[in-house]
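Enquirer: File start_8.cif below, mmCIF, C-alpha atoms:
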data_data
loop_
_atom_site.label_atom_id
_atom_site.label_comp_id
_atom_site.auth_asym_id
_atom_site.auth_seq_id
_atom_site.Cartn_x
_atom_site.Cartn_y
_atom_site.Cartn_z
CA MET K 234 0.00 0.00 0.00
CA SER K 235 1.41 3.35 -0.98
CA ARG K 236 1.95 6.05 1.58
CA ARG K 237 -0.66 8.17 -0.14
CA THR K 238 -3.35 5.50 0.18
CA LEU K 239 -2.44 5.02 3.82
CA VAL K 240 -2.80 8.73 4.60
CA THR K 241 -6.15 8.85 2.79
CA GLY K 242 -7.37 5.83 4.75
CA LEU K 243 -6.31 7.34 8.05
CA LEU K 244 -8.02 10.64 7.25
CA VAL K 245 -11.26 8.85 6.40
CA LEU K 246 -11.01 6.80 9.59
CA ALA K 247 -10.43 9.96 11.63
CA VAL K 248 -13.56 11.59 10.21
CA ILE K 249 -15.67 8.49 10.92
CA ALA K 250 -14.25 8.15 14.44
CA LEU K 251 -14.94 11.79 15.19
CA PHE K 252 -18.67 11.20 14.75
CA ALA K 253 -18.92 7.56 15.79
CA VAL K 254 -17.12 7.93 19.11
CA PRO K 255 -19.67 10.32 20.69
CA LEU K 256 -22.42 7.85 19.74
CA LEU K 257 -20.57 4.94 21.34
CA VAL K 258 -19.31 6.74 24.41
CA ASP K 259 -22.65 7.92 25.77
CA GLY K 260 -24.31 4.53 25.31
CA GLY K 261 -27.42 5.91 23.62
CA THR K 262 -28.45 8.27 26.41
CA SER K 263 -28.34 11.52 24.44
CA GLU K 264 -31.15 12.75 22.23
CA TYR K 265 -28.85 14.57 19.78
CA GLY K 266 -31.35 17.35 19.33
CA GLY K 267 -30.35 19.91 16.75
CA THR K 268 -28.72 23.10 18.02
CA ASP K 269 -30.92 25.22 15.74
CA ALA K 270 -34.05 23.79 17.32
CA ALA K 271 -32.56 24.17 20.81
CA VAL K 272 -32.32 27.93 20.27
CA THR K 273 -35.86 28.33 18.99
CA GLU K 274 -37.19 26.28 21.91
CA GLN K 275 -35.25 28.48 24.32
CA LEU K 276 -36.62 31.65 22.74
CA GLU K 277 -40.17 30.34 22.74
CA ALA K 278 -39.81 29.37 26.40
CA ASP K 279 -38.76 32.97 27.07
CA GLY K 280 -42.05 34.11 25.55
CA TYR K 281 -41.08 34.96 21.97
CA THR K 282 -43.62 34.11 19.29
CA PRO K 283 -42.39 33.94 15.70
CA TRP K 284 -44.16 36.52 13.53
CA PHE K 285 -43.88 34.66 10.26
CA ASP K 286 -44.33 30.99 9.38
CA SER K 287 -42.61 28.94 6.72
CA LEU K 288 -44.55 28.99 3.46
CA PHE K 289 -44.15 25.24 3.14
CA SER K 290 -43.40 22.89 6.02
CA PRO K 291 -42.91 19.27 5.03
CA ALA K 292 -44.02 16.61 7.48
CA GLY K 293 -41.26 14.87 9.46
CA GLU K 294 -40.69 11.90 7.18
CA VAL K 295 -40.93 13.98 4.03
CA GLU K 296 -38.46 16.46 5.52
CA SER K 297 -35.89 13.69 6.12
CA GLY K 298 -36.37 12.64 2.53
CA LEU K 299 -35.82 16.17 1.25
CA PHE K 300 -32.67 16.51 3.37
CA ALA K 301 -31.47 13.23 1.90
CA LEU K 302 -32.29 14.58 -1.56
CA GLN K 303 -30.19 17.67 -0.89
CA ALA K 304 -27.25 15.52 0.22
CA ALA K 305 -27.71 13.18 -2.74
CA LEU K 306 -27.73 16.05 -5.26
CA GLY K 307 -24.57 17.48 -3.73
CA ALA K 308 -22.80 14.14 -3.52
CA GLY K 309 -23.85 13.28 -7.07
CA VAL K 310 -22.46 16.50 -8.53
CA LEU K 311 -19.28 16.24 -6.45
CA GLY K 312 -18.72 12.65 -7.56
CA TYR K 313 -19.38 13.56 -11.20
CA VAL K 314 -16.84 16.41 -11.12
CA LEU K 315 -14.15 14.41 -9.32
CA GLY K 316 -14.74 11.46 -11.66
CA ARG K 317 -14.40 13.66 -14.73
CA LEU K 318 -11.23 15.30 -13.42
CA HIS K 319 -9.78 11.88 -12.66
CA GLY K 320 -10.68 10.55 -16.09
CA ARG K 321 -9.21 13.64 -17.74
CA ARG K 322 -5.88 13.12 -15.99
CA ARG K 323 -5.80 9.44 -16.91
CA ALA K 324 -6.54 10.30 -20.52
CA ALA K 325 -3.85 13.00 -20.55
CA ALA K 326 -1.33 10.67 -18.96
CA SER K 327 -1.76 8.04 -21.65
CA ALA K 328 -2.24 10.45 -24.57
CA PRO K 329 1.17 12.02 -25.39
CA GLY K 330 2.35 9.54 -27.92
CA ARG K 331 3.47 6.92 -25.44
CA ASP K 332 1.82 3.54 -25.35
CA PRO K 333 0.72 3.02 -21.73
CA ARG K 334 1.41 -0.70 -22.13
CA MET G 70 -26.80 28.18 12.32
CA HIS G 71 -30.22 28.52 10.71
CA ILE G 72 -32.24 31.09 12.57
CA ALA G 73 -35.77 29.79 12.10
CA GLU G 74 -38.44 31.59 10.09
CA GLY G 75 -39.95 34.54 11.97
CA PHE G 76 -37.50 34.31 14.85
CA LEU G 77 -35.76 37.62 14.27
CA PRO G 78 -37.62 40.86 15.05
CA ALA G 79 -38.58 42.64 11.83
CA ALA G 80 -36.01 45.42 12.23
CA HIS G 81 -33.20 42.89 12.62
CA ALA G 82 -34.50 40.78 9.72
CA ILE G 83 -34.50 43.83 7.44
CA GLY G 84 -31.15 45.07 8.72
CA TRP G 85 -29.37 41.77 8.03
CA THR G 86 -31.04 41.46 4.65
CA VAL G 87 -29.76 44.93 3.70
CA ALA G 88 -26.32 44.00 5.03
CA ALA G 89 -26.12 40.71 3.11
CA ALA G 90 -27.67 41.86 -0.20
CA PRO G 91 -24.63 43.70 -1.63
CA PHE G 92 -22.38 40.73 -0.86
CA VAL G 93 -24.76 38.35 -2.61
CA ALA G 94 -25.15 40.66 -5.62
CA HIS G 95 -21.38 41.06 -5.84
CA GLY G 96 -21.05 37.29 -5.51
CA ALA G 97 -23.47 36.72 -8.37
CA ARG G 98 -21.34 38.99 -10.58
CA ALA G 99 -18.21 37.14 -9.45
CA VAL G 100 -19.71 33.77 -10.42
CA VAL G 101 -20.84 35.05 -13.83
CA ARG G 102 -17.43 36.61 -14.49
CA GLU G 103 -15.61 33.44 -13.44
CA VAL G 104 -17.72 31.24 -15.72
CA ARG G 105 -17.45 33.65 -18.66
CA GLU G 106 -13.71 34.32 -18.42
CA ASN G 107 -12.65 30.84 -17.36
CA PRO G 108 -15.18 28.33 -18.68
CA GLU G 109 -12.83 25.56 -17.56
CA SER G 110 -13.59 26.66 -13.97
CA THR G 111 -17.20 25.51 -14.24
CA LEU G 112 -16.41 21.97 -13.11
CA LEU G 113 -14.58 23.10 -9.98
CA LEU G 114 -17.22 25.71 -9.29
CA GLY G 115 -19.76 22.91 -9.38
CA ALA G 116 -17.64 20.91 -6.95
CA ALA G 117 -17.46 23.88 -4.56
CA GLY G 118 -21.22 24.33 -4.65
CA ALA G 119 -21.84 20.60 -4.32
CA PHE G 120 -19.54 20.39 -1.28
CA THR G 121 -21.55 22.96 0.66
CA PHE G 122 -24.81 21.38 -0.58
CA VAL G 123 -23.89 17.97 0.86
CA LEU G 124 -22.33 19.12 4.10
CA SER G 125 -25.07 21.55 5.07
CA ALA G 126 -27.68 18.80 4.63
CA ILE G 127 -26.14 16.41 7.12
CA LYS G 128 -26.72 16.71 10.85
CA LEU G 129 -23.89 15.12 12.78
CA PRO G 130 -23.71 14.06 16.41
CA SER G 131 -21.26 15.84 18.68
CA VAL G 132 -19.65 15.15 22.04
CA THR G 133 -22.09 17.53 23.73
CA GLY G 134 -25.03 15.17 23.12
CA SER G 135 -26.61 17.47 20.56
CA SER G 136 -26.23 17.52 16.81
CA SER G 137 -25.50 20.16 14.26
CA HIS G 138 -24.42 20.44 10.65
CA PRO G 139 -21.20 21.59 9.04
CA THR G 140 -21.24 24.38 6.47
CA GLY G 141 -18.94 23.30 3.63
CA THR G 142 -18.29 26.87 2.48
CA GLY G 143 -14.53 26.78 3.06
CA PRO G 144 -13.24 24.95 -0.04
CA GLY G 145 -15.11 27.24 -2.43
CA ALA G 146 -13.83 30.34 -0.62
CA ILE G 147 -10.26 29.04 -0.86
CA LEU G 148 -10.56 28.04 -4.52
CA PHE G 149 -12.51 30.99 -5.92
CA ARG G 150 -12.29 33.63 -3.16
CA PRO G 151 -15.18 34.39 -0.80
CA PRO G 152 -17.54 36.43 -3.04
CA VAL G 153 -18.39 33.35 -5.09
CA MET G 154 -19.57 31.59 -1.94
CA ALA G 155 -21.84 34.52 -1.05
CA LEU G 156 -24.01 33.46 -3.99
CA LEU G 157 -23.59 29.67 -3.73
CA GLY G 158 -24.20 29.70 0.03
CA THR G 159 -27.31 31.81 -0.34
CA VAL G 160 -28.69 29.41 -2.96
CA VAL G 161 -28.26 26.57 -0.46
CA LEU G 162 -30.03 28.58 2.25
CA LEU G 163 -32.86 29.48 -0.10
CA PHE G 164 -33.34 25.82 -1.02
CA GLN G 165 -33.54 24.90 2.66
CA ALA G 166 -35.84 27.80 3.55
CA LEU G 167 -38.32 27.05 0.76
CA LEU G 168 -38.35 23.25 0.69
CA LEU G 169 -37.20 22.09 4.11
CA ALA G 170 -38.69 24.74 6.42
CA HIS G 171 -35.13 25.07 7.71
CA GLY G 172 -34.13 28.68 8.18
CA GLY G 173 -36.55 31.07 6.53
CA LEU G 174 -37.20 33.92 4.14
CA THR G 175 -37.40 36.57 6.87
CA THR G 176 -34.14 35.29 8.34
CA LEU G 177 -32.47 34.60 4.97
CA GLY G 178 -30.46 37.82 5.18
CA ALA G 179 -29.10 37.07 8.65
CA ASN G 180 -28.40 33.44 7.80
CA ALA G 181 -26.74 34.38 4.51
CA PHE G 182 -24.57 36.92 6.33
CA ALA G 183 -23.35 34.24 8.75
CA PHE G 184 -23.16 31.28 6.35
CA ALA G 185 -22.31 32.82 2.99
CA VAL G 186 -20.41 36.00 3.94
CA VAL G 187 -18.66 35.81 7.33
CA GLY G 188 -17.89 32.07 7.17
CA PRO G 189 -16.20 32.15 3.74
CA TRP G 190 -14.28 35.36 4.50
CA ALA G 191 -13.07 34.08 7.88
CA GLY G 192 -12.06 30.75 6.32
CA TYR G 193 -10.28 32.47 3.44
CA ALA G 194 -8.45 34.80 5.85
CA ALA G 195 -7.33 31.83 7.98
CA TYR G 196 -6.16 29.99 4.86
CA ARG G 197 -4.13 32.99 3.65
CA LEU G 198 -2.63 33.62 7.09
CA VAL G 199 -1.51 30.01 7.53
CA ARG G 200 0.00 29.95 4.05
CA ALA G 201 1.70 33.31 4.61
CA ALA G 202 3.19 31.83 7.77
CA GLY G 203 4.95 29.34 5.53
CA ALA G 204 2.74 26.27 6.01
CA GLY G 205 1.86 23.99 3.13
CA LEU G 206 -1.42 23.86 1.26
CA LEU G 207 -3.14 21.14 3.28
CA PRO G 208 -2.63 22.58 6.79
CA ALA G 209 -3.91 25.91 5.47
CA VAL G 210 -6.94 24.19 3.92
CA PHE G 211 -7.69 22.49 7.23
CA ALA G 212 -7.52 25.81 9.10
CA GLY G 213 -9.59 27.63 6.49
CA VAL G 214 -12.34 25.05 6.18
CA ALA G 215 -12.65 24.53 9.95
CA LEU G 216 -12.71 28.25 10.68
CA ALA G 217 -15.34 28.96 8.01
CA ASP G 218 -17.57 26.55 9.94
CA LEU G 219 -16.86 27.97 13.41
CA ALA G 220 -17.10 31.61 12.32
CA THR G 221 -20.55 30.99 10.86
CA TYR G 222 -21.86 29.66 14.16
CA GLY G 223 -20.16 32.48 16.08
CA THR G 224 -21.90 34.99 13.84
CA THR G 225 -25.28 33.32 14.35
CA SER G 226 -24.75 33.52 18.12
CA LEU G 227 -23.93 37.22 17.84
CA GLN G 228 -26.98 37.87 15.66
CA LEU G 229 -29.23 36.15 18.20
CA ALA G 230 -27.59 38.01 21.10
CA LEU G 231 -28.14 41.35 19.33
CA ALA G 232 -31.81 40.50 18.83
CA PHE G 233 -32.37 39.00 22.27
CA PRO G 234 -30.03 40.62 24.82
CA ASP G 235 -30.31 39.12 28.27
CA ALA G 236 -32.52 41.07 30.70
CA SER G 237 -29.85 41.27 33.39
CA THR G 238 -26.51 40.52 31.72
CA GLY G 239 -27.22 42.29 28.42
CA LEU G 240 -25.57 41.54 25.09
CA ALA G 241 -22.50 39.81 26.53
CA GLY G 242 -24.61 37.50 28.68
CA ALA G 243 -26.83 36.59 25.75
CA LEU G 244 -23.81 35.99 23.53
CA VAL G 245 -22.35 33.58 26.09
CA LYS G 246 -25.71 31.84 26.31
CA PHE G 247 -26.08 31.33 22.54
CA LEU G 248 -22.42 30.41 22.10
CA GLY G 249 -23.06 27.85 24.83
CA VAL G 250 -25.63 26.19 22.58
CA PHE G 251 -23.64 26.39 19.34
CA ALA G 252 -19.90 26.71 19.86
CA LEU G 253 -18.84 23.62 21.80
CA THR G 254 -21.07 21.30 19.77
CA GLN G 255 -19.55 22.74 16.62
CA VAL G 256 -15.87 22.14 17.48
CA PRO G 257 -15.69 18.42 16.55
CA LEU G 258 -17.82 19.13 13.47
CA ALA G 259 -15.44 21.86 12.37
CA ILE G 260 -12.49 19.50 12.83
CA GLY G 261 -14.26 16.81 10.80
CA GLU G 262 -15.13 19.32 8.12
CA GLY G 263 -11.50 20.49 8.03
CA LEU G 264 -10.37 16.89 7.48
CA LEU G 265 -12.92 16.44 4.68
CA GLY G 266 -11.58 19.63 3.10
CA VAL G 267 -8.07 18.16 3.27
CA LEU G 268 -9.32 14.97 1.59
CA LEU G 269 -10.96 17.01 -1.16
CA PHE G 270 -7.83 19.07 -1.82
CA ARG G 271 -5.67 15.94 -1.84
CA VAL G 272 -7.79 14.71 -4.73
CA LEU G 273 -7.77 18.09 -6.45
CA THR G 274 -4.00 18.57 -6.25
CA VAL G 275 -3.58 15.38 -8.27
CA ASN G 276 -6.51 15.61 -10.66
CA ALA G 277 -7.08 19.35 -11.06
CA ARG G 278 -3.52 20.59 -11.03
CA PRO G 279 -3.91 22.98 -14.03
CA GLU G 280 -6.93 24.68 -12.40
CA LEU G 281 -5.21 24.99 -9.03
CA GLU G 282 -2.17 26.52 -10.72
CA ARG G 283 -4.29 28.99 -12.61
CA LEU G 284 -6.17 29.93 -9.43
CA GLY G 285 -2.83 30.56 -7.72
CA ILE G 286 -3.27 27.80 -5.16
CA LEU G 287 -0.38 25.68 -6.39
CA ARG G 288 2.82 27.01 -7.90
CA PRO G 289 3.40 25.72 -11.43
CA GLU G 290 5.58 22.65 -11.39
CA PRO G 291 9.03 23.02 -12.93
CA ALA G 292 8.65 21.90 -16.53
CA ALA G 293 11.54 19.45 -16.23
CA THR G 294 9.56 16.56 -14.77
CA PRO G 295 8.32 14.68 -17.81
CA GLY G 296 5.72 12.18 -16.76
CA GLY G 297 7.13 12.07 -13.26
CA ALA G 298 3.81 12.63 -11.53
CA ALA G 299 2.62 9.05 -11.92
#
Show this structure as structure tokens.
Expert:
Amino acid sequence: MSRRTLVTGLLVLAVIALFAVPLLVDGGTSEYGGTDAAVTEQLEADGYTPWFDSLFSPAGEVESGLFALQAALGAGVLGYVLGRLHGRRRAAASAPGRDPR
Amino acid sequence: MHIAEGFLPAAHAIGWTVAAAPFVAHGARAVVREVRENPESTLLLGAAGAFTFVLSAIKLPSVTGSSSHPTGTGPGAILFRPPVMALLGTVVLLFQALLLAHGGLTTLGANAFAFAVVGPWAGYAAYRLVRAAGAGLLPAVFAGVALADLATYGTTSLQLALAFPDASTGLAGALVKFLGVFALTQVPLAIGEGLLGVLLFRVLTVNARPELERLGILRPEPAATPGGAA
């Protein structure tokens, strides 16, 4: 395994560990409520009433789906771009007259 | 960092909208100019937008027992300078405000100011500072991407504190209170986001070398390395 692959693997592991460890450490006791919602709850508890409502509020399950759609669109475009760039380099590397084999 | 719909008093909502609008308009011009003058940038521009689209959709657990989402605005700010992200970030926020009831139209200005203006500029400044200090590309990318995330949440806390100062401790007390909700939770997320930024740039330095050289991120390689990259 090249050094480059090793570093990539370790970076990926570090990212996964960073988010997996909190889940394992607390043994499922935390609710993991969103910080955005925590603030609005706090403000509402202090007596603030929002003066404008969202034009469209998807129901819980639909909302998760739309969030997943957002992530999928982003990941799809990112993968497409990185794949094209990779393919372009491979093509350029084998193009200049030399037979890759 | 999304201040929910209707949760900023009207005067604040208008004030932040007025503050953010010129940045977004300038950003729109920057994107159009970039695409027109450097059509070959379009792919990377798409990658920058896609990165913030993915990351801002994902809520991640943190050591504090609450969850939050990264911002993903750093890489685009580093690649194309911050104005471009003022537009791309605002598009993301608009998508979430209209379709996901996350954030809102009345708070779009405030959220855009935190997410699409302050975050990218803070990240870009950190990136430039670390590079000026003599560090390599990847440490600077880590610093820039992580700080873009943290600065956004710091700005949101300040915006909330300005709108809702504490009755007894005033602005400072409110700022501490809101930072208490956001800041600590965000630290591991910012680190994770910084590492993802490093992974992205590791791929780009190999596969998008011509673009990175043109954008001034990498110095052109000495021409005397024929086929040595493989």
Enquirer: Enumerate, as a list of chain:residue names, the residues matched when the PyMOL selection byres ((chain K and resi 280-283) around 8) is run on the file above.
Expert: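 What the PyMOL selection byres ((chain K and resi 280-283) around 8) grabs from the file is K:Leu276, K:Glu277, K:Ala278, K:Asp279, K:Trp284, K:Phe285, K:Asp286, G:Glu74, G:Gly75, G:Phe76, G:Leu77.
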Enquirer: Could you write out the selected residues, including C-alpha atoms, as a short mmCIF file (atom, residue, chain, number, x, y, z; two decimals), in the coordinates of the input?
Expert:
data_model
loop_
_atom_site.label_atom_id
_atom_site.label_comp_id
_atom_site.auth_asym_id
_atom_site.auth_seq_id
_atom_site.Cartn_x
_atom_site.Cartn_y
_atom_site.Cartn_z
CA LEU K 276 -36.62 31.65 22.74
CA GLU K 277 -40.17 30.34 22.74
CA ALA K 278 -39.81 29.37 26.40
CA ASP K 279 -38.76 32.97 27.07
CA TRP K 284 -44.16 36.52 13.53
CA PHE K 285 -43.88 34.66 10.26
CA ASP K 286 -44.33 30.99 9.38
CA GLU G 74 -38.44 31.59 10.09
CA GLY G 75 -39.95 34.54 11.97
CA PHE G 76 -37.50 34.31 14.85
CA LEU G 77 -35.76 37.62 14.27
#
Enquirer: Return as a PyMOL selection string the residues belonging to chain K that are within 6 Å of chain G, counting only C-alpha atoms.
Expert: chain K and resi 248+255+263+265-268+283-287+290+296+300+304+307-308+310-311+314+318-319+322
Enquirer: I'd like the interatomic distance between atom CA of G:Ala181 and atom CA of G:Leu284, to a tenth of an Å.
Expert: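 Atom-to-atom, atom CA of G:Ala181 to atom CA of G:Leu284, that is 25.2 Å.
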Enquirer: Just give me the gap between atom CA of G:Gly239 and atom CA of K:Val272 in Å, one decimal is fine.
Expert: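 Those two atoms sit 17.3 Å apart.
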Enquirer: Expressed in Å to a single decimal, how great is the separation between atom CA of K:Thr273 and atom CA of G:Ala230?
Expert: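 Computing the Euclidean distance for atom CA of K:Thr273 and atom CA of G:Ala230 yields 12.9 Å.
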Enquirer: Nearest residue to G:Gly178 out of G:Val101, G:Leu227, G:Ala220, G:Leu162, using all atoms listed in the file?
Expert: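 The answer is G:Leu162, which sits nearest to G:Gly178.
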Enquirer: Compare G:Thr140, G:Leu157, G:Leu287, G:Leu248 by their minimum atom-to-atom distance to G:Leu216, counting all atoms listed in the file, and give me the closest one.
Expert: G:Thr140
Enquirer: Once 4 Å is added on each side, what centre and edge lengths in Å to one decimal does the axis-aligned box around all listed atoms of stretch 274-282 of chain K have, as AutoDock Vina command-line options?
Expert:
--center_x -39.4 --center_y 30.6 --center_z 23.2 --size_x 16.4 --size_y 16.7 --size_z 15.8
Enquirer: Using all atoms listed in the file, can you list as a ChimeraX atom specification the residues within 12 Å of (-9.1, 8.8, -19.9)?
Expert: /K:316-328,333 /G:276
Enquirer: Give me the residues within 6 Å of G:Ala209 as a ChimeraX atom specification, counting all atoms listed in the file and dropping any in the same chain fewer than 4 places off.
Expert: /G:196,199-200
